[in-house]
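The block underneath contains the structure these notes are about, expressed in structure tokens.
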Amino acid sequence: MKIKEAYPPNFGAIKTAFPIETTIPIYPYGDTVYNPSKVEIPADILYHEHIHLEQQEREGSAALWWTKYIHDIGFRLDQELEAYAKQYLWVKKHLNSKIAKENLQEGAEHLSSEVYMLELTIEEAGTMIRKEAKKYRDLFVV
């Protein structure tokens with residue numbers, strides 16, 4: 001995985017579809033995490049973006065993944081649930097339960113925010129992330 005301090009190739013489509021000014025300016029595309037704002041990327045968020053890169057590979061291409069992500073709200077929800085659930089489990093494994101609980105709350109706040117346009121409450125998002133995490137528990141010996 002590479003990190004580039006630039007905009008991704010599809011930034012025009014992303015900017016048109018999402019409220020960029022309210023989002024963390026990090027974009028996964030192909031084998032690269034694009035960081036045009038040059039912000040420091042915490043390890044757990046980098047892991048979250050790594051999950052999106054894996055999803056893009058499973059989908060066949062970053063371009064196809066992004067097209068589906070932008071236009072299909074169900075697909076977007078599925079992709080983010082997997083990424084937030086695995087991020088939560090990663091934090092739980094590498095840090096501690098208190099920080100993992102905070103990470104879960106933060107993930108629920110992000111997932112329910114206007115950025116993703118999913119119309120979820122924080123409580124709904126948190127419940128969904130916890131349920132999704134159960135699917136991947138065996139991947140993380142915690």
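Please note that chains go A, B, ... in the order of the structure tokens, that every chain numbers its residues from 1, and that ligands are numbered from 1 in the order shown.
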
Distance query Lys68 in chain A at most 12 Å, only C-alpha atoms, self and fewer than 5 positions along chain excluded, as a ChimeraX atom specification: /A:13-14,17,55-56,59-63,73-79

Selection: 12 Å around Lys135 in chain A, only C-alpha atoms, excl. self and same-chain fewer than 4 positions, as number ranges by chain: A: 81-82, 85-86, 89, 128-131, 139-140

DSSP helix (DSSP H, G or I) residues within range 79-123 of chain A, as a ChimeraX atom specification: /A:79-94,97-111,122-123

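Minimum atom-to-atom distances from A:Lys101, A:His94, A:Lys4, A:His110 to Val39 in chain A were compared using only C-alpha atoms, and the lowest value belongs to A:Lys4.
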
Test item: residues at most 7 Å from Thr32 in chain A, only C-alpha atoms, excluding those fewer than 3 positions along its chain, as JSON, numbers by chain: {"A": [1, 2, 3, 4, 28, 29]}

With C-alpha atoms kept, could you save the residues just selected as a CSV table (one decimal), in the first residue's frame?
chain,number,residue,atom,x,y,z
A,1,MET,CA,0.0,0.0,0.0
A,2,LYS,CA,1.3,3.4,-1.0
A,3,ILE,CA,0.4,6.8,0.4
A,4,LYS,CA,0.4,9.8,-1.9
A,28,PRO,CA,-8.4,4.7,-1.2
A,29,TYR,CA,-7.8,3.9,-4.9
